[in-house]
Amino acid sequence: MNFFDWKIEMVESFKPYIDIDNKRMAILTTEDDEIHMALELDEKNNLVMHPRWNINI
């Protein structure tokens, strides 16, 4: 999937929720019970990742 100028590849067991106005995305499980990662673009359009403490990127 595309997240602004970034291409994000993820397994199908994750579901993205995108906030276009604030340039943020939350990646949850398909059951919506766990947030695995939050992504956002900073003021220079750098991708900033906020992963859960126990996942591998």
# chains A, B, ... in the order shown; residues from 1 in each chain; ligands from 1
call {"tool": "residues_around", "arguments": {"residues": "A:Asn46", "least_positions_apart": "3", "cutoff": "12 Å", "atoms": "only C-alpha atoms", "output": "list of chain:residue names"}}
result
A:Phe3, A:Phe4, A:Asp5, A:Trp6, A:Lys23, A:Arg24, A:Leu39, A:Glu40, A:Leu41, A:Asp42, A:Glu43, A:Met49
call {"tool": "select_by_dssp", "arguments": {"residues": "chain A", "states": "strand (DSSP E)", "output": "ChimeraX atom specification"}}
result
/A:2-3,6-7,14-19,24-29,35-41,47-51
call {"tool": "closest_residue", "arguments": {"among": "A:Tyr17, A:Lys7, A:Glu12, A:Glu34", "to": "A:Leu47", "atoms": "only C-alpha atoms"}}
result
A:Lys7
call {"tool": "residues_around", "arguments": {"residues": "A:Thr29", "least_positions_apart": "4", "cutoff": "9 Å", "atoms": "only C-alpha atoms", "output": "PyMOL selection string"}}
result
chain A and resi 13-16+33-36
call {"tool": "write_last_selection", "arguments": {"atoms": "N, CA and C atoms", "output": "PDB file, in the first residue's frame"}}
result
ATOM      1  N   SER A  13      -2.693  -9.993   7.734  1.00  0.00           N
ATOM      2  CA  SER A  13      -3.326 -10.066   9.052  1.00  0.00           C
ATOM      3  C   SER A  13      -3.325  -8.710   9.762  1.00  0.00           C
ATOM      4  N   PHE A  14      -2.820  -7.668   9.096  1.00  0.00           N
ATOM      5  CA  PHE A  14      -2.844  -6.316   9.647  1.00  0.00           C
ATOM      6  C   PHE A  14      -3.827  -5.458   8.871  1.00  0.00           C
ATOM      7  N   LYS A  15      -4.382  -4.460   9.550  1.00  0.00           N
ATOM      8  CA  LYS A  15      -5.349  -3.552   8.924  1.00  0.00           C
ATOM      9  C   LYS A  15      -4.917  -2.118   9.210  1.00  0.00           C
ATOM     10  N   PRO A  16      -4.672  -1.319   8.161  1.00  0.00           N
ATOM     11  CA  PRO A  16      -4.249   0.069   8.368  1.00  0.00           C
ATOM     12  C   PRO A  16      -5.440   1.022   8.526  1.00  0.00           C
ATOM     13  N   ASP A  33      -7.908  -5.475  17.771  1.00  0.00           N
ATOM     14  CA  ASP A  33      -7.682  -5.582  19.214  1.00  0.00           C
ATOM     15  C   ASP A  33      -6.272  -5.195  19.648  1.00  0.00           C
ATOM     16  N   GLU A  34      -5.335  -5.042  18.706  1.00  0.00           N
ATOM     17  CA  GLU A  34      -3.972  -4.657  19.078  1.00  0.00           C
ATOM     18  C   GLU A  34      -3.402  -3.688  18.052  1.00  0.00           C
ATOM     19  N   ILE A  35      -2.760  -2.642  18.549  1.00  0.00           N
ATOM     20  CA  ILE A  35      -2.024  -1.726  17.670  1.00  0.00           C
ATOM     21  C   ILE A  35      -0.598  -2.255  17.563  1.00  0.00           C
ATOM     22  N   HIS A  36      -0.150  -2.517  16.348  1.00  0.00           N
ATOM     23  CA  HIS A  36       1.208  -3.019  16.153  1.00  0.00           C
ATOM     24  C   HIS A  36       2.198  -1.901  15.880  1.00  0.00           C
TER      25      HIS A  36
END
call {"tool": "atom_distance", "arguments": {"atom1": "atom CA of A:Asn45", "atom2": "atom CA of A:Met25"}}
result
13.7 Å
